[in-house]
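One file, input.txt, carrying compact mmCIF, C-alpha atoms:
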# COMPACT_ATOMS: atom_id res chain seq x y z
CA MET A 93 94.25 53.62 108.56
CA VAL A 94 94.65 57.39 108.80
CA VAL A 95 92.27 59.21 111.15
CA ARG A 96 91.35 62.42 109.35
CA ILE A 97 90.08 65.42 111.34
CA GLY A 98 88.30 68.23 109.52
CA THR A 99 89.18 71.65 110.95
CA ALA A 100 89.02 75.11 109.30
CA GLU A 101 91.20 77.58 107.44
CA ARG A 102 94.85 77.61 108.52
CA GLY A 103 95.17 79.62 111.73
CA GLY A 104 91.44 79.54 112.45
CA THR A 105 89.96 78.43 115.76
CA PHE A 106 89.16 74.89 114.62
CA HIS A 107 92.53 74.51 112.91
CA THR A 108 94.61 75.49 115.93
CA GLN A 109 92.51 73.29 118.21
CA GLY A 110 92.87 70.44 115.74
CA LEU A 111 96.65 70.66 115.91
CA ALA A 112 96.52 70.34 119.70
CA LEU A 113 94.03 67.50 119.46
CA LYS A 114 96.30 65.65 117.03
CA THR A 115 99.10 65.68 119.63
CA VAL A 116 96.87 63.87 122.13
CA LEU A 117 95.10 61.47 119.77
CA ALA A 118 98.19 60.41 117.84
CA ARG A 119 99.61 58.72 120.96
CA SER A 120 96.87 56.08 120.79
CA PRO A 121 97.82 53.07 118.67
CA LEU A 122 94.14 52.79 117.72
CA LEU A 123 94.16 56.28 116.19
CA ALA A 124 97.62 56.97 114.77
CA PRO A 125 98.41 58.30 112.27
CA VAL A 126 96.25 61.43 112.56
CA GLU A 127 95.89 63.87 109.68
CA ILE A 128 94.61 67.46 110.04
CA CYS A 129 92.44 68.47 107.10
CA GLU A 130 91.84 72.16 106.45
CA SER A 131 88.62 73.51 104.98
CA ALA A 132 88.12 76.45 102.69
CA LEU A 133 85.54 78.93 103.98
CA ALA A 134 82.48 77.26 105.54
CA ALA A 135 84.21 74.91 107.96
CA SER A 136 81.20 73.45 109.79
CA VAL A 137 79.27 72.85 106.58
CA GLU A 138 82.25 71.43 104.71
CA ASN A 139 83.24 69.13 107.57
CA ALA A 140 79.70 67.70 107.78
CA GLU A 141 79.62 67.11 104.03
CA ARG A 142 83.03 65.42 104.07
CA LEU A 143 81.95 63.18 106.94
CA HIS A 144 78.90 62.24 104.89
CA ALA A 145 81.08 61.42 101.88
CA GLY A 146 83.49 59.33 103.95
CA GLY A 147 86.36 61.78 103.56
CA LEU A 148 86.79 62.34 107.31
CA GLU A 149 86.50 60.32 110.49
CA LEU A 150 86.14 63.32 112.81
CA GLY A 151 85.27 66.98 112.24
CA PHE A 152 84.84 70.25 114.09
CA MET A 153 81.41 71.91 113.92
CA ALA A 154 79.63 74.74 115.68
CA ALA A 155 76.66 73.30 117.57
CA ASN A 156 74.14 75.42 115.68
CA TRP A 157 74.91 73.54 112.44
CA VAL A 158 74.55 69.93 113.57
CA GLY A 159 70.75 69.86 113.74
CA ARG A 160 70.44 71.43 110.29
CA ALA A 161 72.83 68.83 108.88
CA LYS A 162 70.89 66.01 110.55
CA ARG A 163 67.61 67.28 109.05
CA GLY A 164 69.10 68.05 105.65
CA GLU A 165 68.13 71.72 105.80
CA ALA A 166 69.82 74.28 103.55
CA PRO A 167 72.66 74.57 102.82
CA PHE A 168 72.79 70.78 103.18
CA ALA A 169 71.41 68.91 100.17
CA ALA A 170 70.49 65.77 102.12
CA PRO A 171 70.29 64.61 105.76
CA ILE A 172 73.66 63.71 107.30
CA ASP A 173 73.66 61.09 110.06
CA LEU A 174 75.99 62.87 112.48
CA ARG A 175 76.91 61.85 116.00
CA VAL A 176 78.63 63.90 118.72
CA VAL A 177 82.05 62.85 120.01
CA ALA A 178 83.03 65.62 122.45
CA PRO A 179 82.67 69.32 123.25
CA MET A 180 85.65 71.36 122.15
CA ASN A 181 85.00 74.76 123.71
CA ALA A 182 82.41 77.41 124.43
CA GLY A 183 84.05 80.51 123.02
CA PRO A 184 82.84 84.10 122.82
CA LEU A 185 81.50 85.61 119.60
CA PHE A 186 81.70 89.38 119.68
CA PHE A 187 81.55 92.46 117.48
CA ILE A 188 84.52 94.81 117.45
CA ALA A 189 84.99 98.31 116.09
CA ARG A 190 87.77 100.85 116.03
CA ALA A 191 88.22 102.48 119.41
CA ASP A 192 87.47 105.91 117.91
CA SER A 193 84.22 104.69 116.32
CA ARG A 194 80.92 106.29 117.29
CA LEU A 195 79.44 102.80 117.69
CA ARG A 196 78.64 102.20 121.35
CA SER A 197 76.76 98.88 121.37
CA VAL A 198 75.69 96.03 119.10
CA ALA A 199 72.38 97.84 118.58
CA ASP A 200 74.27 100.59 116.73
CA LEU A 201 75.26 98.27 113.88
CA ARG A 202 72.17 99.12 111.85
CA GLY A 203 73.30 100.87 108.67
CA GLN A 204 76.97 99.95 109.18
CA ARG A 205 79.45 97.94 107.09
CA VAL A 206 79.89 94.78 109.15
CA VAL A 207 82.31 91.93 108.40
CA VAL A 208 80.21 88.82 109.00
CA GLY A 209 82.41 86.17 107.37
CA PRO A 210 82.13 84.38 104.02
CA GLU A 211 78.60 84.02 102.72
CA ARG A 212 78.11 80.31 103.58
CA SER A 213 80.18 80.37 106.76
CA GLY A 214 79.10 79.63 110.30
CA MET A 215 80.04 83.18 111.25
CA ALA A 216 77.58 84.62 108.72
CA GLN A 217 74.87 82.42 110.22
CA HIS A 218 75.77 83.59 113.72
CA ALA A 219 75.63 87.21 112.58
CA GLN A 220 72.17 86.70 111.14
CA ALA A 221 70.93 84.97 114.31
CA ILE A 222 72.46 87.46 116.75
CA LEU A 223 71.34 90.56 114.90
CA GLY A 224 67.94 89.01 114.18
CA ALA A 225 67.37 88.55 117.90
CA LEU A 226 67.85 92.31 118.21
CA GLY A 227 65.45 93.11 115.37
CA ILE A 228 68.22 93.82 112.86
CA THR A 229 68.18 91.96 109.54
CA LEU A 230 71.10 91.56 107.18
CA SER A 231 69.36 94.03 104.87
CA ASP A 232 69.60 96.59 107.69
CA ILE A 233 73.40 96.45 107.53
CA ALA A 234 75.92 96.30 104.70
CA PRO A 235 77.32 92.77 105.10
CA VAL A 236 80.99 92.38 104.24
CA ASN A 237 81.67 88.74 103.32
CA LEU A 238 85.35 88.36 104.15
CA ASP A 239 87.23 85.83 106.27
CA PHE A 240 88.80 86.82 109.59
CA ALA A 241 92.16 88.04 108.27
CA ALA A 242 90.78 89.92 105.26
CA GLY A 243 88.02 91.35 107.44
CA ALA A 244 90.57 92.66 109.90
CA ASP A 245 92.45 94.29 107.05
CA ALA A 246 89.19 95.95 105.93
CA LEU A 247 88.63 97.33 109.43
CA VAL A 248 92.18 98.70 109.54
CA ALA A 249 91.80 100.30 106.09
CA GLY A 250 88.43 101.87 106.91
CA ARG A 251 86.52 99.69 104.44
CA ALA A 252 84.43 98.21 107.28
CA ASP A 253 82.94 99.69 110.44
CA ALA A 254 82.76 96.55 112.57
CA GLN A 255 83.65 92.85 112.51
CA LEU A 256 82.18 89.73 114.10
CA GLN A 257 85.12 87.99 115.71
CA CYS A 258 85.59 84.33 116.66
CA PRO A 259 86.56 82.87 120.06
CA ILE A 260 89.71 84.23 121.60
CA PRO A 261 92.59 83.78 121.80
CA ASN A 262 93.01 83.81 118.04
CA GLN A 263 95.98 85.21 116.16
CA VAL A 264 93.96 87.46 113.86
CA MET A 265 92.33 89.23 116.80
CA THR A 266 95.62 89.53 118.69
CA ASN A 267 97.38 90.99 115.65
CA LEU A 268 94.50 93.34 114.88
CA SER A 269 94.51 94.77 118.40
CA GLN A 270 98.20 95.54 117.99
CA ARG A 271 97.69 97.24 114.61
CA ILE A 272 94.88 99.60 115.63
CA ALA A 273 93.03 100.54 118.81
CA VAL A 274 89.83 98.50 119.01
CA LYS A 275 86.90 97.94 121.34
CA ALA A 276 84.40 95.15 121.88
CA LEU A 277 80.81 96.31 121.47
CA PRO A 278 78.63 95.48 124.49
CA TYR A 279 74.91 94.66 124.49
CA ASP A 280 72.25 97.05 125.73
CA PRO A 281 70.40 95.95 128.92
CA GLY A 282 68.26 92.89 128.20
CA ALA A 283 69.56 92.45 124.66
CA LEU A 284 71.92 89.61 125.55
CA ASP A 285 69.00 87.61 126.96
CA ASN A 286 67.20 87.98 123.63
CA VAL A 287 70.19 86.45 121.83
CA LEU A 288 70.53 83.61 124.34
CA ALA A 289 66.89 82.71 123.71
CA VAL A 290 67.72 81.90 120.07
CA GLY A 291 68.88 78.38 120.96
CA PRO A 292 70.78 76.10 123.35
CA HIS A 293 73.97 76.39 121.31
CA TYR A 294 74.53 79.86 122.79
CA ARG A 295 75.80 80.38 126.33
CA ARG A 296 76.51 83.49 128.41
CA THR A 297 80.18 84.21 128.96
CA ILE A 298 82.42 86.97 130.27
CA MET A 299 85.37 88.21 128.24
CA ARG A 300 87.92 89.16 130.85
CA LYS A 301 89.66 92.53 130.93
CA GLY A 302 93.00 92.40 129.14
CA ALA A 303 92.18 89.38 126.96
CA PHE A 304 93.36 91.56 124.08
CA ARG A 305 94.62 95.14 123.84
CA GLY A 306 91.60 97.43 124.05
CA LEU A 307 89.42 95.16 126.20
CA ASP A 308 89.54 97.44 129.24
CA ALA A 309 86.74 95.89 131.31
CA ASP A 310 85.05 92.55 131.82
CA THR A 311 82.35 92.34 129.13
CA ALA A 312 79.34 90.02 128.94
CA GLN A 313 79.03 88.34 125.54
CA ILE A 314 77.56 85.21 124.04
CA ALA A 315 79.53 82.02 123.51
CA VAL A 316 78.85 79.28 120.99
CA LEU A 317 79.47 75.64 121.83
CA ASN A 318 81.79 73.98 119.33
CA LEU A 319 81.81 70.22 118.97
CA LEU A 320 83.87 67.35 117.61
CA VAL A 321 81.49 65.20 115.58
CA THR A 322 81.58 62.04 113.49
CA HIS A 323 79.29 60.01 111.26
CA ALA A 324 77.09 57.23 112.65
CA ARG A 325 78.93 54.70 110.45
CA VAL A 326 82.37 55.43 111.96
CA ASP A 327 83.73 52.51 113.96
CA GLU A 328 82.79 52.49 117.64
CA THR A 329 86.29 51.44 118.70
CA LEU A 330 87.84 54.45 116.97
CA VAL A 331 85.35 56.91 118.48
CA HIS A 332 85.75 55.34 121.93
CA ALA A 333 89.53 55.77 121.74
CA ALA A 334 89.21 59.40 120.63
CA ALA A 335 86.66 60.39 123.28
CA LEU A 336 88.56 58.61 126.06
CA ALA A 337 91.82 60.32 125.03
CA ILE A 338 90.07 63.70 125.17
CA ALA A 339 88.47 63.04 128.56
CA SER A 340 91.78 61.77 129.99
CA ASN A 341 93.93 64.66 128.75
CA THR A 342 91.93 67.82 129.35
CA ASP A 343 94.78 69.51 131.25
CA GLU A 344 97.25 68.81 128.45
CA LEU A 345 94.82 70.07 125.81
CA ALA A 346 94.36 73.31 127.76
CA ALA A 347 98.13 73.69 128.04
CA LEU A 348 98.58 73.10 124.31
CA ASN A 349 95.87 75.57 123.29
CA PRO A 350 94.07 78.05 125.58
CA LEU A 351 90.89 77.52 123.57
CA PHE A 352 90.60 74.19 125.40
CA VAL A 353 90.52 75.87 128.82
CA GLY A 354 87.13 74.91 130.21
CA ILE A 355 86.78 71.58 128.37
CA ALA A 356 86.99 69.69 131.66
CA GLU A 357 84.03 71.66 133.03
CA LEU A 358 82.05 71.02 129.84
CA LEU A 359 82.64 67.28 130.17
CA VAL A 360 81.75 67.27 133.87
CA SER A 361 78.32 68.63 132.91
CA LEU A 362 77.60 65.11 131.64
CA ARG A 363 77.33 63.95 135.26
CA ALA A 364 74.57 66.41 136.08
CA GLU A 365 72.70 66.60 132.76
CA GLY A 366 73.47 63.30 131.05
CA PRO A 367 74.15 62.84 127.32
CA ALA A 368 71.40 65.30 126.39
CA THR A 369 73.72 68.16 127.37
CA PHE A 370 75.56 67.65 124.04
CA SER A 371 72.59 66.54 121.95
CA PHE A 372 71.71 69.37 119.58
CA GLY A 373 68.99 69.06 117.00
CA LEU A 374 68.47 65.39 117.92
CA VAL A 375 72.13 64.58 117.16
CA ALA A 376 73.09 62.15 119.94
CA LEU A 377 76.42 61.02 121.33
CA HIS A 378 78.07 58.34 119.24
CA PRO A 379 77.85 54.98 121.11
CA GLY A 380 81.64 54.86 121.25
CA ALA A 381 81.75 58.28 122.91
CA ALA A 382 79.01 57.35 125.40
CA ARG A 383 80.96 54.21 126.34
CA ALA A 384 84.15 56.25 126.77
CA TYR A 385 82.44 58.69 129.13
CA ARG A 386 81.03 55.81 131.16
CA ASP A 387 84.53 54.37 131.39
CA ALA A 388 85.82 57.77 132.53
CA GLY A 389 83.15 58.04 135.23
CA LEU A 390 81.37 60.94 133.54
CA LEU A 391 78.21 58.99 132.67
CA THR A 392 76.35 56.34 134.60

Show me, as structure tokens, the structure contained in the file I just sent.
Amino acid sequence: MVVRIGTAERGGTFHTQGLALKTVLARSPLLAPVEICESALAASVENAERLHAGGLELGFMAANWVGRAKRGEAPFAAPIDLRVVAPMNAGPLFFIARADSRLRSVADLRGQRVVVGPERSGMAQHAQAILGALGITLSDIAPVNLDFAAGADALVAGRADAQLQCPIPNQVMTNLSQRIAVKALPYDPGALDNVLAVGPHYRRTIMRKGAFRGLDADTAQIAVLNLLVTHARVDETLVHAAALAIASNTDELAALNPLFVGIAELLVSLRAEGPATFSFGLVALHPGAARAYRDAGLLT
């Protein structure tokens, strides 16, 4: 049996993490061979739908999508019986602009051309939620529905004023910062708290100075928790093997891909908060994952 993992577009955050994850999981005789499956544009949505259809065993999703999939809310046509396997990372989401732009904070995006991602993508949903928490609707901006690479090209060419970027490090952001001078837009005092109140899938994080060219000071931003999920029907033995491999190889995962730095701390939160720490929208840990974390000493 091939274990198929749904990721994202080639070079995207989920895709690069999936490649690292494959290295670790493929060593288990219960999981090999492992196949990385790319998605087109709306990775979280597509991965949930493919899990529902039986086309995947595991899939990457942003935490804000799992509850909607479980309840069958748009854009999902029917409820999807998802279960959580493991956290993957809590990475910053942030708006960037050209360094010479007159934009000074996220609040200045009203009336601007903003790359928010493809129309059905998780990034477009994040943009709507973040801006909505600040009293800015999508009709208050000119949304530009391009993927990360095409959106970066639009910013370089002057066809966009700002872009919502995904967790760093990512190659598109690194390349963009080498092509033009950029800056990350901060939040006005109190505004970040308004965004964090949107839901438990957002966390406060600090983007450290020098993370990319143009980030000249530590900057407070939001982070979204990304998850590895499965379907309730997927075999408990398979999910146990996958979750145990992840919990046992956090250092290697972080060495393979910096996006996994911090996964050990995310898993340790199970000791203090229990399985509810990764239960979003009533989507619980898969029984195989819960058993793996008990075996690893992370759950009682």

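The residue that comes closest to Asn318 in chain A, out of A:Arg295, A:Arg305, A:Lys275, A:Arg363 and on the basis of all atoms listed in the file, is A:Arg295.
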
- Message: I'd like the neighbourhood of Ser193 in chain A as a ChimeraX atom specification, where a residue qualifies if any of its atoms comes within 12 Å (using all atoms listed in the file), though same-chain residues fewer than 4 positions away should be ignored.
- Response: /A:188-189,197,200-201,204,247,250,252-254,272-277

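Between Tyr294 in chain A and the candidates A:Thr105, A:Gln257, A:Asn139, A:Asn156, the tightest atom-to-atom separation, counting all atoms listed in the file, involves A:Asn156.
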
- What does the distance between CA of Ala337 in chain A and CA of Thr297 in chain A come to in Å, to one decimal place? 26.9 Å

- Message: So that I can check the surroundings of range 280-293 of chain A, please list as a PyMOL selection string every protein, DNA and RNA residue that reaches within 9 Å of it, counting all atoms listed in the file and ignoring chain neighbours fewer than 4 positions away.
- Response: chain A and resi 154-156+197-199+221-226+312-318+372

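CA of Ser340 in chain A to CA of Gly98 in chain A spans 21.7 Å [interatomic distance, one decimal].
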
For range 254-271 of chain A, supply N, CA and C atoms and format the output as a CSV table (one decimal), in the frame of the given file.
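Result file is part-v2.csv:
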chain,number,residue,atom,x,y,z
A,254,ALA,N,82.8,97.5,111.5
A,254,ALA,CA,82.8,96.6,112.6
A,254,ALA,C,83.0,95.1,112.0
A,255,GLN,N,83.4,94.2,112.9
A,255,GLN,CA,83.6,92.8,112.5
A,255,GLN,C,83.2,91.9,113.6
A,256,LEU,N,82.5,90.8,113.2
A,256,LEU,CA,82.2,89.7,114.1
A,256,LEU,C,83.4,88.8,114.2
A,257,GLN,N,83.9,88.7,115.5
A,257,GLN,CA,85.1,88.0,115.7
A,257,GLN,C,84.8,86.6,116.4
A,258,CYS,N,85.7,85.7,116.1
A,258,CYS,CA,85.6,84.3,116.7
A,258,CYS,C,86.2,84.2,118.0
A,259,PRO,N,86.0,83.0,118.7
A,259,PRO,CA,86.6,82.9,120.1
A,259,PRO,C,88.0,83.2,120.2
A,260,ILE,N,88.3,83.9,121.3
A,260,ILE,CA,89.7,84.2,121.6
A,260,ILE,C,90.3,83.2,122.6
A,261,PRO,N,91.6,83.1,122.6
A,261,PRO,CA,92.6,83.8,121.8
A,261,PRO,C,92.6,83.3,120.4
A,262,ASN,N,92.7,84.2,119.4
A,262,ASN,CA,93.0,83.8,118.0
A,262,ASN,C,94.0,84.8,117.5
A,263,GLN,N,94.9,84.4,116.6
A,263,GLN,CA,96.0,85.2,116.2
A,263,GLN,C,95.5,86.4,115.4
A,264,VAL,N,94.5,86.3,114.6
A,264,VAL,CA,94.0,87.5,113.9
A,264,VAL,C,93.5,88.6,114.8
A,265,MET,N,92.8,88.2,115.9
A,265,MET,CA,92.3,89.2,116.8
A,265,MET,C,93.5,89.8,117.6
A,266,THR,N,94.4,89.0,118.0
A,266,THR,CA,95.6,89.5,118.7
A,266,THR,C,96.4,90.5,117.8
A,267,ASN,N,96.6,90.1,116.6
A,267,ASN,CA,97.4,91.0,115.6
A,267,ASN,C,96.6,92.3,115.4
A,268,LEU,N,95.3,92.2,115.2
A,268,LEU,CA,94.5,93.3,114.9
A,268,LEU,C,94.6,94.3,116.0
A,269,SER,N,94.5,93.9,117.2
A,269,SER,CA,94.5,94.8,118.4
A,269,SER,C,95.9,95.5,118.6
A,270,GLN,N,96.9,94.9,118.0
A,270,GLN,CA,98.2,95.5,118.0
A,270,GLN,C,98.4,96.6,116.8
A,271,ARG,N,97.6,96.4,115.8
A,271,ARG,CA,97.7,97.2,114.6
A,271,ARG,C,96.9,98.5,114.8
